[in-house]
>>> print(open('query22.txt').read())   # compact mmCIF, C-alpha atoms
# COMPACT_ATOMS: atom_id res chain seq x y z
CA MET T 1 0.00 0.00 0.00
CA VAL T 2 2.81 2.38 0.94
CA LYS T 3 4.60 1.51 -2.32
CA GLU T 4 1.45 2.28 -4.32
CA GLN T 5 1.06 5.63 -2.59
CA ALA T 6 4.70 6.50 -3.28
CA HIS T 7 4.22 5.59 -6.94
CA THR T 8 1.10 7.77 -7.11
CA VAL T 9 2.96 10.72 -5.62
CA ARG T 10 5.86 10.28 -8.05
CA SER T 11 3.46 10.02 -10.98
CA TYR T 12 1.68 13.20 -9.89
CA GLU T 13 4.97 15.08 -9.49
CA GLN T 14 6.07 13.88 -12.91
CA GLN T 15 2.88 15.16 -14.51
CA LEU T 16 3.20 18.49 -12.70
CA SER T 17 6.80 18.74 -13.88
CA GLN T 18 5.65 17.88 -17.41
CA LEU T 19 3.08 20.69 -17.28
CA ARG T 20 5.74 23.16 -16.15
CA GLY T 21 8.00 22.08 -18.98
CA MET T 22 5.21 22.48 -21.51
CA MET T 23 4.50 26.00 -20.25
CA VAL T 24 8.17 26.96 -20.51
CA ALA T 25 8.36 25.63 -24.07
CA MET T 26 5.13 27.38 -25.10
CA GLY T 27 6.19 30.67 -23.55
CA ARG T 28 9.55 30.65 -25.29
CA LEU T 29 7.99 29.74 -28.62
CA VAL T 30 5.55 32.65 -28.36
CA ILE T 31 8.41 35.02 -27.46
CA ARG T 32 10.24 33.85 -30.58
CA GLN T 33 7.11 34.28 -32.72
CA THR T 34 6.56 37.80 -31.38
CA GLU T 35 10.20 38.76 -31.98
CA GLN T 36 9.91 37.57 -35.58
CA ALA T 37 6.68 39.50 -36.11
CA VAL T 38 8.20 42.71 -34.76
CA ALA T 39 11.31 42.21 -36.92
CA ALA T 40 9.05 41.88 -39.94
CA VAL T 41 7.59 45.31 -39.15
CA VAL T 42 10.51 47.41 -37.97
CA GLU T 43 13.24 45.81 -40.10
CA GLY T 44 11.19 44.86 -43.16
CA ASP T 45 12.32 41.25 -42.70
CA THR T 46 9.90 39.27 -44.86
CA GLU T 47 11.42 35.91 -43.93
CA SER T 48 10.80 36.61 -40.24
CA GLY T 49 7.23 37.53 -41.11
CA ARG T 50 6.67 34.22 -42.85
CA MET T 51 8.24 32.31 -39.97
CA ALA T 52 6.02 34.08 -37.42
CA GLN T 53 2.94 32.99 -39.35
CA ALA T 54 4.26 29.45 -39.81
CA LEU T 55 4.68 29.00 -36.03
CA ASP T 56 1.03 29.73 -35.26
CA PRO T 57 -0.32 26.15 -35.73
CA GLN T 58 2.40 24.87 -33.39
CA VAL T 59 1.35 27.36 -30.70
CA ASP T 60 -2.28 26.30 -31.15
CA GLN T 61 -1.35 22.63 -30.70
CA MET T 62 0.64 23.39 -27.57
CA GLU T 63 -2.39 25.10 -26.03
CA ARG T 64 -4.50 22.00 -26.74
CA ASP T 65 -1.82 19.77 -25.19
CA VAL T 66 -1.68 21.91 -22.04
CA GLU T 67 -5.46 21.88 -21.73
CA THR T 68 -5.55 18.08 -22.07
CA LEU T 69 -2.95 17.60 -19.34
CA VAL T 70 -4.62 20.13 -17.03
CA ILE T 71 -7.97 18.37 -17.34
CA ARG T 72 -6.30 15.04 -16.60
CA LEU T 73 -4.60 16.46 -13.50
CA LEU T 74 -7.80 18.04 -12.22
CA ALA T 75 -9.89 14.95 -12.85
CA LEU T 76 -7.52 12.28 -11.55
CA ARG T 77 -5.25 14.00 -9.02
CA ALA T 78 -7.54 16.40 -7.15
CA PRO T 79 -4.75 18.95 -6.53
CA MET T 80 -5.02 21.27 -3.55
CA ALA T 81 -3.97 24.80 -2.54
CA GLY T 82 -0.86 26.06 -4.38
CA ASP T 83 -0.79 23.18 -6.85
CA LEU T 84 -4.42 23.80 -7.78
CA ARG T 85 -3.77 27.49 -8.36
CA GLU T 86 -0.70 26.71 -10.48
CA ILE T 87 -2.51 24.14 -12.62
CA VAL T 88 -5.55 26.33 -13.26
CA ALA T 89 -3.28 29.32 -13.95
CA ALA T 90 -1.35 27.22 -16.50
CA MET T 91 -4.51 26.56 -18.49
CA LYS T 92 -5.46 30.24 -18.46
CA ILE T 93 -1.93 31.37 -19.30
CA SER T 94 -1.80 28.93 -22.23
CA GLY T 95 -4.94 30.63 -23.56
CA ASP T 96 -3.26 34.04 -23.31
CA LEU T 97 -0.16 32.68 -25.03
CA GLU T 98 -2.26 31.25 -27.85
CA ARG T 99 -3.91 34.63 -28.36
CA ILE T 100 -0.52 36.35 -28.31
CA GLY T 101 0.49 33.93 -31.07
CA ASP T 102 -2.59 34.95 -33.06
CA CYS T 103 -1.68 38.63 -32.64
CA ALA T 104 1.91 37.97 -33.70
CA ALA T 105 0.73 36.12 -36.81
CA SER T 106 -1.61 39.00 -37.62
CA ILE T 107 1.22 41.53 -37.21
CA ALA T 108 3.43 39.48 -39.53
CA LYS T 109 0.67 39.23 -42.12
CA ARG T 110 0.11 42.98 -42.04
CA ALA T 111 3.84 43.70 -42.14
CA LEU T 112 4.12 41.85 -45.43
CA LYS T 113 1.43 44.15 -46.86
CA VAL T 114 2.92 47.47 -45.74
CA ASP T 115 4.57 49.16 -48.69
CA ALA T 116 5.77 52.61 -49.64
CA VAL T 117 5.66 53.88 -46.06
CA PRO T 118 6.92 57.51 -46.08
CA THR T 119 9.95 58.12 -43.89
CA ASP T 120 8.11 60.55 -41.61
CA VAL T 121 5.44 58.04 -40.61
CA PRO T 122 6.15 57.49 -36.88
CA ALA T 123 8.21 54.32 -37.32
CA GLY T 124 10.22 55.27 -34.24
CA ALA T 125 7.12 55.05 -32.05
CA LEU T 126 6.26 51.68 -33.54
CA ARG T 127 9.80 50.45 -32.86
CA SER T 128 9.60 51.69 -29.26
CA MET T 129 6.23 50.04 -28.76
CA GLY T 130 7.53 46.77 -30.19
CA ARG T 131 10.52 46.81 -27.83
CA LEU T 132 8.40 47.54 -24.77
CA VAL T 133 5.82 44.89 -25.59
CA GLN T 134 8.54 42.29 -26.16
CA GLU T 135 10.22 43.23 -22.89
CA ASN T 136 6.94 42.92 -20.97
CA LEU T 137 6.19 39.58 -22.57
CA ARG T 138 9.65 38.21 -21.72
CA ARG T 139 9.32 39.42 -18.13
CA ALA T 140 5.84 37.87 -17.84
CA ILE T 141 7.15 34.53 -19.12
CA ASP T 142 10.15 34.74 -16.77
CA ALA T 143 7.77 35.43 -13.87
CA GLN T 144 5.70 32.41 -14.87
CA GLU T 145 8.73 30.13 -15.13
CA GLN T 146 10.12 31.26 -11.78
CA ARG T 147 6.77 31.82 -10.06
CA ASP T 148 8.04 35.30 -9.25
CA SER T 149 5.23 37.50 -7.90
CA ALA T 150 7.46 40.63 -7.69
CA ARG T 151 8.32 40.44 -11.39
CA ALA T 152 4.66 39.85 -12.19
CA VAL T 153 3.82 43.15 -10.44
CA GLU T 154 6.45 44.94 -12.55
CA VAL T 155 4.78 43.71 -15.75
CA TRP T 156 1.35 44.68 -14.44
CA GLN T 157 2.56 48.22 -13.72
CA SER T 158 4.19 48.56 -17.17
CA ASP T 159 0.94 48.14 -19.10
CA ALA T 160 0.20 51.88 -18.83
CA ALA T 161 3.33 52.72 -20.86
CA VAL T 162 2.18 50.41 -23.67
CA ASP T 163 -1.23 52.12 -23.68
CA GLU T 164 0.39 55.54 -23.89
CA LEU T 165 2.54 54.55 -26.87
CA TYR T 166 -0.47 53.06 -28.66
CA THR T 167 -2.55 56.21 -28.10
CA ALA T 168 0.26 58.43 -29.38
CA MET T 169 0.72 56.25 -32.47
CA PHE T 170 -3.00 56.18 -33.18
CA ARG T 171 -3.22 59.97 -33.11
CA GLU T 172 -0.13 60.44 -35.27
CA LEU T 173 -1.22 57.96 -37.90
CA VAL T 174 -4.74 59.37 -38.13
CA THR T 175 -3.30 62.88 -38.49
CA TYR T 176 -0.92 61.67 -41.17
CA MET T 177 -3.74 60.06 -43.17
CA MET T 178 -5.80 63.26 -42.98
CA GLU T 179 -2.88 65.32 -44.27
CA ASP T 180 -1.90 62.92 -47.06
CA PRO T 181 -4.64 60.53 -48.28
CA ARG T 182 -2.07 58.63 -50.36
CA THR T 183 -0.78 57.07 -47.13
CA ILE T 184 -4.16 55.71 -45.98
CA ARG T 185 -3.49 52.13 -47.07
CA SER T 186 -0.08 51.82 -45.43
CA CYS T 187 -1.10 53.72 -42.30
CA THR T 188 -4.19 51.53 -41.89
CA HIS T 189 -1.96 48.45 -41.81
CA LEU T 190 0.26 50.21 -39.25
CA LEU T 191 -2.79 51.00 -37.10
CA PHE T 192 -3.77 47.33 -37.04
CA ILE T 193 -0.17 46.37 -36.23
CA ALA T 194 -0.09 48.85 -33.34
CA LYS T 195 -3.41 47.54 -32.02
CA ASN T 196 -2.14 43.96 -32.09
CA LEU T 197 0.99 45.02 -30.21
CA GLU T 198 -1.23 46.68 -27.60
CA ARG T 199 -3.24 43.46 -27.31
CA ILE T 200 -0.05 41.45 -26.80
CA GLY T 201 0.74 43.86 -23.97
CA ASP T 202 -2.70 43.21 -22.47
CA HIS T 203 -2.21 39.44 -22.63
CA ALA T 204 1.24 39.77 -21.03
CA THR T 205 -0.47 41.66 -18.21
CA ASN T 206 -3.08 38.90 -17.94
CA ILE T 207 -0.25 36.39 -17.56
CA ALA T 208 1.34 38.54 -14.84
CA GLU T 209 -1.96 38.67 -12.93
CA ARG T 210 -2.35 34.89 -13.12
CA VAL T 211 1.25 34.33 -12.02
CA TYR T 212 0.74 36.63 -9.05
CA TYR T 213 -2.41 34.79 -7.97
CA ALA T 214 -0.81 31.36 -8.40
CA ALA T 215 2.23 32.41 -6.36
CA THR T 216 0.48 34.32 -3.56
CA GLY T 217 -3.15 33.23 -3.48
CA GLU T 218 -4.13 36.91 -3.75
CA MET T 219 -5.51 38.94 -6.63
CA LEU T 220 -3.98 42.12 -7.98
CA PRO T 221 -6.35 45.13 -7.97
CA PRO T 222 -9.06 44.77 -10.64
CA GLU T 223 -8.32 48.24 -12.02
CA ARG T 224 -5.06 48.16 -13.95
CA PRO T 225 -2.79 51.19 -14.29
CA ARG T 226 -3.89 52.99 -17.45
CA GLY T 227 -2.08 55.16 -19.93
CA GLY T 228 -3.65 57.51 -22.44
CA ALA T 229 -7.15 56.82 -23.66
CA SER T 230 -6.56 53.43 -25.21
CA SER T 231 -9.76 51.66 -26.09
CA ARG T 232 -10.07 47.95 -25.46
CA ALA T 233 -11.34 45.55 -28.09
>>> encode(input="query22.txt", output="structure tokens")
Amino acid sequence: MVKEQAHTVRSYEQQLSQLRGMMVAMGRLVIRQTEQAVAAVVEGDTESGRMAQALDPQVDQMERDVETLVIRLLALRAPMAGDLREIVAAMKISGDLERIGDCAASIAKRALKVDAVPTDVPAGALRSMGRLVQENLRRAIDAQEQRDSARAVEVWQSDAAVDELYTAMFRELVTYMMEDPRTIRSCTHLLFIAKNLERIGDHATNIAERVYYAATGEMLPPERPRGGASSRA
């Protein structure tokens, strides 16, 4: 009987370790996909854009695999306390990662359509926004891997800066289109790219909130720090 119990405990720990490994792999893949999407925009790297789109089915499959394992753990292992929070958070985080992958694929697709962008279109703001969003995503994934609540709070607090950059870009691009209608097509693609970057920032913040809850058992305030007048979609 004791031997059976020991085997059950080992099997449970192995499955929990497997889940953690899957989350690490999925997080790193989504970081890579996002980096490639941003490179496609700010560097005009068409190959990176194609690679970012090609990775999307793999991200989708990883989310399904995580969900399958989580359901198995919940149904057969009846986890408690911290383990339960971690397992449920993993399923929710995998959903956020999958949606980040969708946003990255959309950015890459748009990047391949942007052409003849005048030099005074605010590419610098787009580059800054891309860097900040990537940094927040990497920090959110690091917090998830290390179960680091302090780092999760840092990501949560940084969301306002992403909102401010998006709002500034939106206003500049709309003004540019009004002044020169010939740029409407390219600027429209850039607006969609900026919005997808802002959404990636939101999902990174979601991940940070879930990491914080899993690590501490407490919720961050429901009202996030806001920047500008960014609208949510």
>>> closest_residue(input="query22.txt", among="T:Cys103, T:Ala108, T:Ile31, T:Leu197", to="Ala52 of chain T", atoms="only C-alpha atoms")
T:Ala108
>>> closest_atom_pairs(input="query22.txt", of="segment 111-175 of chain T", to="segment 41-46 of chain T", cutoff="9 Å", atoms="only C-alpha atoms", output="Markdown table")
| residue | atom | partner | partner_atom | distance |
| --- | --- | --- | --- | --- |
| T:Ala111 | CA | T:Val41 | CA | 5.1 |
| T:Leu112 | CA | T:Thr46 | CA | 6.4 |
| T:Val114 | CA | T:Val41 | CA | 8.4 |
| T:Ala123 | CA | T:Val42 | CA | 7.3 |
| T:Gly124 | CA | T:Val42 | CA | 8.7 |
| T:Leu126 | CA | T:Val42 | CA | 7.5 |
| T:Arg127 | CA | T:Val42 | CA | 6.0 |
| T:Gly130 | CA | T:Val42 | CA | 8.4 |
>>> residues_around(input="query22.txt", residues="Cys187 of chain T", least_positions_apart="3", cutoff="7 Å", atoms="all atoms listed in the file", output="NGL selection string")
:T and (173 or 177 or 183-184 or 190-191)
>>> atom_distance(input="query22.txt", atom1="atom CA of Asp65 of chain T", atom2="atom CA of Val153 of chain T")
28.2 Å
>>> atom_distance(input="query22.txt", atom1="atom CA of Phe170 of chain T", atom2="atom CA of Pro222 of chain T")
26.0 Å
>>> atom_distance(input="query22.txt", atom1="atom CA of Ala37 of chain T", atom2="atom CA of Glu98 of chain T")
14.7 Å
>>> closest_residue(input="query22.txt", among="T:Thr216, T:Gln144, T:Gln15, T:Asn196", to="Leu74 of chain T", atoms="all atoms listed in the file")
T:Gln15
>>> residues_near_point(input="query22.txt", point="(9.4, 29.2, -21.5)", cutoff="7 Å", atoms="all atoms listed in the file", output="list in words")
Met23, Val24, Ala25, Met26, Gly27, Arg28, Ile141 and Glu145 of chain T
>>> closest_residue(input="query22.txt", among="T:Arg99, T:Arg131, T:Lys195, T:Lys92", to="Arg210 of chain T", atoms="only C-alpha atoms")
T:Lys92
>>> residues_around(input="query22.txt", residues="Val133 of chain T", least_positions_apart="5", cutoff="8 Å", atoms="all atoms listed in the file", output="PyMOL selection string")
chain T and resi 162+197-198+200-201
>>> closest_residue(input="query22.txt", among="T:Asp102, T:Glu47, T:Asp202, T:Asp83", to="Asp60 of chain T", atoms="only C-alpha atoms")
T:Asp102
>>> closest_residue(input="query22.txt", among="T:Leu55, T:Ala168, T:Arg72, T:Ala194", to="Val88 of chain T", atoms="only C-alpha atoms")
T:Arg72
>>> axis_aligned_box(input="query22.txt", around="segment 66-78 of chain T", padding_each_side="3 Å", output="lines of an AutoDock Vina configuration file")
center_x = -5.8
center_y = 17.1
center_z = -14.6
size_x = 14.2
size_y = 15.6
size_z = 20.9
>>> closest_residue(input="query22.txt", among="T:Arg199, T:Lys113, T:Arg10, T:Arg50", to="Leu137 of chain T", atoms="all atoms listed in the file")
T:Arg199
>>> residues_around(input="query22.txt", residues="Val211 of chain T", least_positions_apart="2", cutoff="10 Å", atoms="all atoms listed in the file", output="VMD selection string")
chain T and resid 85 to 86 89 to 90 93 140 to 141 143 to 153 205 to 209 213 to 217 219
>>> build_atoms(input="query22.txt", residues="segment 215-226 of chain T", atoms="all heavy atoms", output="PDB file, keeping the file's coordinate frame")
ATOM      1  N   ALA T 215       1.112  32.383  -7.304  1.00  0.00           N
ATOM      2  CA  ALA T 215       2.230  32.410  -6.360  1.00  0.00           C
ATOM      3  C   ALA T 215       1.812  32.834  -4.956  1.00  0.00           C
ATOM      4  O   ALA T 215       2.371  32.355  -3.965  1.00  0.00           O
ATOM      5  CB  ALA T 215       3.316  33.361  -6.874  1.00  0.00           C
ATOM      6  N   THR T 216       0.813  33.730  -4.867  1.00  0.00           N
ATOM      7  CA  THR T 216       0.480  34.320  -3.560  1.00  0.00           C
ATOM      8  C   THR T 216      -0.888  33.935  -3.031  1.00  0.00           C
ATOM      9  O   THR T 216      -1.144  34.087  -1.833  1.00  0.00           O
ATOM     10  CB  THR T 216       0.535  35.858  -3.650  1.00  0.00           C
ATOM     11  OG1 THR T 216      -0.538  36.322  -4.490  1.00  0.00           O
ATOM     12  CG2 THR T 216       1.873  36.332  -4.204  1.00  0.00           C
ATOM     13  N   GLY T 217      -1.779  33.494  -3.907  1.00  0.00           N
ATOM     14  CA  GLY T 217      -3.150  33.230  -3.480  1.00  0.00           C
ATOM     15  C   GLY T 217      -3.978  34.495  -3.369  1.00  0.00           C
ATOM     16  O   GLY T 217      -5.127  34.458  -2.927  1.00  0.00           O
ATOM     17  N   GLU T 218      -3.420  35.623  -3.801  1.00  0.00           N
ATOM     18  CA  GLU T 218      -4.130  36.910  -3.750  1.00  0.00           C
ATOM     19  C   GLU T 218      -4.250  37.478  -5.154  1.00  0.00           C
ATOM     20  O   GLU T 218      -3.439  37.184  -6.036  1.00  0.00           O
ATOM     21  CB  GLU T 218      -3.367  37.890  -2.852  1.00  0.00           C
ATOM     22  CG  GLU T 218      -3.254  37.420  -1.405  1.00  0.00           C
ATOM     23  CD  GLU T 218      -2.423  38.367  -0.559  1.00  0.00           C
ATOM     24  OE1 GLU T 218      -1.908  39.371  -1.121  1.00  0.00           O
ATOM     25  OE2 GLU T 218      -2.281  38.120   0.651  1.00  0.00           O
ATOM     26  N   MET T 219      -5.275  38.320  -5.329  1.00  0.00           N
ATOM     27  CA  MET T 219      -5.510  38.940  -6.630  1.00  0.00           C
ATOM     28  C   MET T 219      -4.918  40.341  -6.650  1.00  0.00           C
ATOM     29  O   MET T 219      -4.973  41.064  -5.650  1.00  0.00           O
ATOM     30  CB  MET T 219      -7.015  39.040  -6.914  1.00  0.00           C
ATOM     31  CG  MET T 219      -7.752  37.709  -6.840  1.00  0.00           C
ATOM     32  SD  MET T 219      -7.446  36.674  -8.282  1.00  0.00           S
ATOM     33  CE  MET T 219      -8.449  37.497  -9.506  1.00  0.00           C
ATOM     34  N   LEU T 220      -4.357  40.721  -7.790  1.00  0.00           N
ATOM     35  CA  LEU T 220      -3.980  42.120  -7.980  1.00  0.00           C
ATOM     36  C   LEU T 220      -5.242  42.961  -8.105  1.00  0.00           C
ATOM     37  O   LEU T 220      -6.314  42.431  -8.433  1.00  0.00           O
ATOM     38  CB  LEU T 220      -3.113  42.258  -9.238  1.00  0.00           C
ATOM     39  CG  LEU T 220      -1.669  41.768  -9.094  1.00  0.00           C
ATOM     40  CD1 LEU T 220      -1.016  41.638 -10.467  1.00  0.00           C
ATOM     41  CD2 LEU T 220      -0.869  42.702  -8.208  1.00  0.00           C
ATOM     42  N   PRO T 221      -5.154  44.285  -7.860  1.00  0.00           N
ATOM     43  CA  PRO T 221      -6.350  45.130  -7.970  1.00  0.00           C
ATOM     44  C   PRO T 221      -7.026  44.972  -9.330  1.00  0.00           C
ATOM     45  O   PRO T 221      -6.343  44.838 -10.355  1.00  0.00           O
ATOM     46  CB  PRO T 221      -5.792  46.553  -7.781  1.00  0.00           C
ATOM     47  CG  PRO T 221      -4.554  46.356  -6.979  1.00  0.00           C
ATOM     48  CD  PRO T 221      -3.973  45.043  -7.434  1.00  0.00           C
ATOM     49  N   PRO T 222      -8.363  44.970  -9.363  1.00  0.00           N
ATOM     50  CA  PRO T 222      -9.060  44.770 -10.640  1.00  0.00           C
ATOM     51  C   PRO T 222      -8.830  45.902 -11.634  1.00  0.00           C
ATOM     52  O   PRO T 222      -8.905  45.696 -12.845  1.00  0.00           O
ATOM     53  CB  PRO T 222     -10.540  44.696 -10.223  1.00  0.00           C
ATOM     54  CG  PRO T 222     -10.596  45.367  -8.890  1.00  0.00           C
ATOM     55  CD  PRO T 222      -9.285  45.097  -8.235  1.00  0.00           C
ATOM     56  N   GLU T 223      -8.551  47.110 -11.140  1.00  0.00           N
ATOM     57  CA  GLU T 223      -8.320  48.240 -12.020  1.00  0.00           C
ATOM     58  C   GLU T 223      -6.837  48.353 -12.322  1.00  0.00           C
ATOM     59  O   GLU T 223      -6.027  48.666 -11.442  1.00  0.00           O
ATOM     60  CB  GLU T 223      -8.819  49.533 -11.368  1.00  0.00           C
ATOM     61  CG  GLU T 223      -8.941  50.705 -12.319  1.00  0.00           C
ATOM     62  CD  GLU T 223     -10.003  50.502 -13.387  1.00  0.00           C
ATOM     63  OE1 GLU T 223     -10.992  49.804 -13.120  1.00  0.00           O
ATOM     64  OE2 GLU T 223      -9.809  51.037 -14.496  1.00  0.00           O
ATOM     65  N   ARG T 224      -6.473  48.079 -13.561  1.00  0.00           N
ATOM     66  CA  ARG T 224      -5.060  48.160 -13.950  1.00  0.00           C
ATOM     67  C   ARG T 224      -4.632  49.604 -14.107  1.00  0.00           C
ATOM     68  O   ARG T 224      -5.429  50.472 -14.421  1.00  0.00           O
ATOM     69  CB  ARG T 224      -4.838  47.454 -15.302  1.00  0.00           C
ATOM     70  CG  ARG T 224      -5.063  45.963 -15.265  1.00  0.00           C
ATOM     71  CD  ARG T 224      -4.858  45.389 -16.663  1.00  0.00           C
ATOM     72  NE  ARG T 224      -5.039  43.942 -16.676  1.00  0.00           N
ATOM     73  CZ  ARG T 224      -4.977  43.211 -17.777  1.00  0.00           C
ATOM     74  NH1 ARG T 224      -4.721  43.774 -18.943  1.00  0.00           N
ATOM     75  NH2 ARG T 224      -5.158  41.906 -17.707  1.00  0.00           N
ATOM     76  N   PRO T 225      -3.313  49.856 -13.935  1.00  0.00           N
ATOM     77  CA  PRO T 225      -2.790  51.190 -14.290  1.00  0.00           C
ATOM     78  C   PRO T 225      -3.061  51.456 -15.757  1.00  0.00           C
ATOM     79  O   PRO T 225      -2.856  50.592 -16.611  1.00  0.00           O
ATOM     80  CB  PRO T 225      -1.285  51.062 -14.017  1.00  0.00           C
ATOM     81  CG  PRO T 225      -1.156  49.909 -13.077  1.00  0.00           C
ATOM     82  CD  PRO T 225      -2.263  48.957 -13.425  1.00  0.00           C
ATOM     83  N   ARG T 226      -3.544  52.648 -16.068  1.00  0.00           N
ATOM     84  CA  ARG T 226      -3.890  52.990 -17.450  1.00  0.00           C
ATOM     85  C   ARG T 226      -3.005  54.104 -17.965  1.00  0.00           C
ATOM     86  O   ARG T 226      -2.588  54.986 -17.223  1.00  0.00           O
ATOM     87  CB  ARG T 226      -5.360  53.445 -17.531  1.00  0.00           C
ATOM     88  CG  ARG T 226      -6.362  52.349 -17.170  1.00  0.00           C
ATOM     89  CD  ARG T 226      -6.368  51.258 -18.220  1.00  0.00           C
ATOM     90  NE  ARG T 226      -7.368  50.252 -17.890  1.00  0.00           N
ATOM     91  CZ  ARG T 226      -7.537  49.129 -18.574  1.00  0.00           C
ATOM     92  NH1 ARG T 226      -6.768  48.868 -19.622  1.00  0.00           N
ATOM     93  NH2 ARG T 226      -8.448  48.240 -18.225  1.00  0.00           N
TER      94      ARG T 226
END
